[in-house]
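Encoded as structure tokens, the structure appears first; notes follow it.
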Amino acid sequence: MKCLILAGGKSKRFGEDKLLYEFKGKKVVERVVETAKEVCEEVFIVTKDPKKFEFLKIPILLDLSNVYASMVGLYTALSYAKEPALVLSGDLPLINSGVLKKLASSYEEPITLAKTKDKIHPLVAVYSPKVLKVIEEFLEKGNYKLYELVNKVGFKAVEFEGKEALSLLNLNTKEDLKILESLEIN
């Protein structure tokens with residue numbers, strides 16, 4: 001299975017590029033790539049700025065639109081994948097391979113995604129390219145809401161608790177950073 005890591009955001013709430021932020025000795029995106037490589041035979045970055053991620057030495061896919069939205073990254077990823085693929089946001093510094101393996105082995109079309117308590121994680125998921133038509137409809141209407149997409153298409157949720165659930169925490173603000181740094185789960 002391929003893994004496509006979405007890295008096209010602006011990091012506005014974080015105040016600097018959160019994917020390039022040093023977290024426990026490595027850049028955040030580097031941690032995500034290394035974990036994905038433990039599970040997937042091919043790992044790609046999807047971005048608007050390829051030069052920024054050349055240091056990762058993995059294939060880079062240029063976003064198919066200039067719009068800054070995760071939906072655009074997902075569209076680019078699935079357009080390339082041609083088969084079910086693991087799709088991750090690049091801002092998951094604590095993600096662990098056990099979670100990714102469980103998601104991949106539990107896959108059912110069209111979408112299998114991670115769930116914690118009352119929250120679904122559409123950017124820790126396996127997607128079928130069969131959802132591309134629906135994504136195109138959303139993009140044409142200017143609707144970039146992933147939660148609406150997955151609810152419209154339907155999905156299987158794989159529930160995670162404890163340390164596995166904590167590994168799904170993403171980095172959006174400096175306050176998030178303080179919480180993530182205080183956790184000892186990896």
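In the structure tokens, chains take the letters A, B, ... in the order shown, each chain's residues start at 1, and ligands count up from 1 in the order shown.
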
If we count only C-alpha atoms, what is near A:Ser79 at a cut-off of 9 Å, once residues fewer than 5 positions away on the same chain are taken out, given as a VMD selection string? chain A and resid 74 129 132

Which of stretch 68-109 of chain A DSSP labels strand (DSSP E or B), written as a PyMOL selection string: chain A and resi 85-89

How would the residues just chosen look if you wrote them out with N, CA, C and O atoms as a PDB file, in the first residue's frame?
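Final output, saved to again32.pdb:
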```pdb
ATOM      1  N   ALA A  85      -5.071   3.787  -0.740  1.00  0.00           N
ATOM      2  CA  ALA A  85      -3.822   4.324  -0.190  1.00  0.00           C
ATOM      3  C   ALA A  85      -4.061   4.916   1.195  1.00  0.00           C
ATOM      4  O   ALA A  85      -5.133   5.450   1.475  1.00  0.00           O
ATOM      5  N   LEU A  86      -3.032   4.818   2.008  1.00  0.00           N
ATOM      6  CA  LEU A  86      -3.036   5.446   3.320  1.00  0.00           C
ATOM      7  C   LEU A  86      -2.753   6.930   3.119  1.00  0.00           C
ATOM      8  O   LEU A  86      -1.795   7.293   2.430  1.00  0.00           O
ATOM      9  N   VAL A  87      -3.612   7.777   3.681  1.00  0.00           N
ATOM     10  CA  VAL A  87      -3.449   9.227   3.566  1.00  0.00           C
ATOM     11  C   VAL A  87      -3.298   9.796   4.975  1.00  0.00           C
ATOM     12  O   VAL A  87      -4.140   9.541   5.846  1.00  0.00           O
ATOM     13  N   LEU A  88      -2.215  10.545   5.181  1.00  0.00           N
ATOM     14  CA  LEU A  88      -1.918  11.123   6.494  1.00  0.00           C
ATOM     15  C   LEU A  88      -1.658  12.611   6.377  1.00  0.00           C
ATOM     16  O   LEU A  88      -1.088  13.071   5.389  1.00  0.00           O
ATOM     17  N   SER A  89      -2.021  13.346   7.413  1.00  0.00           N
ATOM     18  CA  SER A  89      -1.569  14.729   7.489  1.00  0.00           C
ATOM     19  C   SER A  89      -0.114  14.691   7.956  1.00  0.00           C
ATOM     20  O   SER A  89       0.304  13.754   8.639  1.00  0.00           O
TER      21      SER A  89
END
```

Would you mind listing what lies within 12 Å of A:Gly142 as JSON, numbers by chain, with only C-alpha atoms counted and same-chain residues fewer than 4 positions away left out? {"A": [67, 68, 69, 71, 72, 135, 136, 137, 138]}

Selection to disk with N, CA, C and O atoms, as an mmCIF file, in the first residue's frame:
```cif
data_model
loop_
_atom_site.group_PDB
_atom_site.id
_atom_site.type_symbol
_atom_site.label_atom_id
_atom_site.label_comp_id
_atom_site.auth_asym_id
_atom_site.auth_seq_id
_atom_site.Cartn_x
_atom_site.Cartn_y
_atom_site.Cartn_z
ATOM 1 N N VAL A 67 -5.447 26.159 -4.335
ATOM 2 C CA VAL A 67 -6.287 26.351 -3.153
ATOM 3 C C VAL A 67 -5.635 25.621 -1.972
ATOM 4 O O VAL A 67 -5.203 24.477 -2.095
ATOM 5 N N TYR A 68 -5.551 26.314 -0.832
ATOM 6 C CA TYR A 68 -5.006 25.699 0.384
ATOM 7 C C TYR A 68 -6.131 25.012 1.141
ATOM 8 O O TYR A 68 -6.892 25.644 1.858
ATOM 9 N N ALA A 69 -6.237 23.692 0.957
ATOM 10 C CA ALA A 69 -7.262 22.905 1.641
ATOM 11 C C ALA A 69 -6.835 21.443 1.610
ATOM 12 O O ALA A 69 -6.313 20.963 0.602
ATOM 13 N N MET A 71 -8.637 18.971 1.327
ATOM 14 C CA MET A 71 -9.398 18.283 0.279
ATOM 15 C C MET A 71 -8.617 18.279 -1.039
ATOM 16 O O MET A 71 -8.643 17.298 -1.781
ATOM 17 N N VAL A 72 -7.905 19.363 -1.319
ATOM 18 C CA VAL A 72 -7.087 19.450 -2.535
ATOM 19 C C VAL A 72 -5.944 18.440 -2.461
ATOM 20 O O VAL A 72 -5.655 17.726 -3.421
ATOM 21 N N ILE A 135 -15.150 13.842 -4.529
ATOM 22 C CA ILE A 135 -14.229 14.942 -4.189
ATOM 23 C C ILE A 135 -14.300 16.017 -5.256
ATOM 24 O O ILE A 135 -14.351 17.216 -4.941
ATOM 25 N N GLU A 136 -14.307 15.614 -6.520
ATOM 26 C CA GLU A 136 -14.422 16.593 -7.616
ATOM 27 C C GLU A 136 -15.690 17.433 -7.465
ATOM 28 O O GLU A 136 -15.650 18.652 -7.645
ATOM 29 N N GLU A 137 -16.801 16.796 -7.128
ATOM 30 C CA GLU A 137 -18.056 17.529 -6.922
ATOM 31 C C GLU A 137 -17.907 18.545 -5.790
ATOM 32 O O GLU A 137 -18.352 19.692 -5.920
ATOM 33 N N PHE A 138 -17.285 18.131 -4.695
ATOM 34 C CA PHE A 138 -17.060 19.041 -3.576
ATOM 35 C C PHE A 138 -16.187 20.221 -4.014
ATOM 36 O O PHE A 138 -16.503 21.379 -3.717
#
```

Report the residues of stretch 52-119 of chain A whose backbone DSSP state falls under helix (DSSP H, G or I), written as a list in words.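 Of stretch 52-119 of chain A, only Lys52, Phe53, Glu54, Phe55, Leu56, Ser70, Met71, Val72, Gly73, Leu74, Tyr75, Thr76, Ala77, Leu78, Ser79, Tyr80, Ala81, Ser97, Gly98, Val99, Leu100, Lys101, Lys102, Leu103, Ala104 and Ser105 of chain A fall in helix (DSSP H, G or I).
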
Show me, as a ChimeraX atom specification, the residues that have an atom within 6 Å of stretch 29-38 of chain A when counting only C-alpha atoms, minus same-chain residues fewer than 5 positions from it. /A:19,90,93,97

Which residue gives the smallest distance to A:Val150 among A:Lys48, A:Lys102, A:Lys163, A:His121, with only C-alpha atoms counted?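 So, comparing all the options, the nearest one is A:His121.
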
Residue neighbourhood A:Leu180, 8 Å, only C-alpha atoms, exclusion window fewer than 5 positions, as number ranges by chain: A: 94, 169, 171

I want to know what sits within 8 Å of A:Val28, based on only C-alpha atoms, with residues of the same chain fewer than 5 positions away left out; could you give that as a list in words? Lys18, Leu19, Leu20, Tyr21, Glu22, Phe23, Gly90, Asp91, Leu92 and Pro93 of chain A

Rank nothing, just name the residue among A:Gly25, A:Pro84, A:Pro59, A:Gly73 nearest to A:Leu123, using only C-alpha atoms. A:Gly73

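Proximity ranking of A:Glu83, A:Glu148, A:Glu108, A:Asp17 relative to A:Pro122 places A:Glu148 first, based on only C-alpha atoms.
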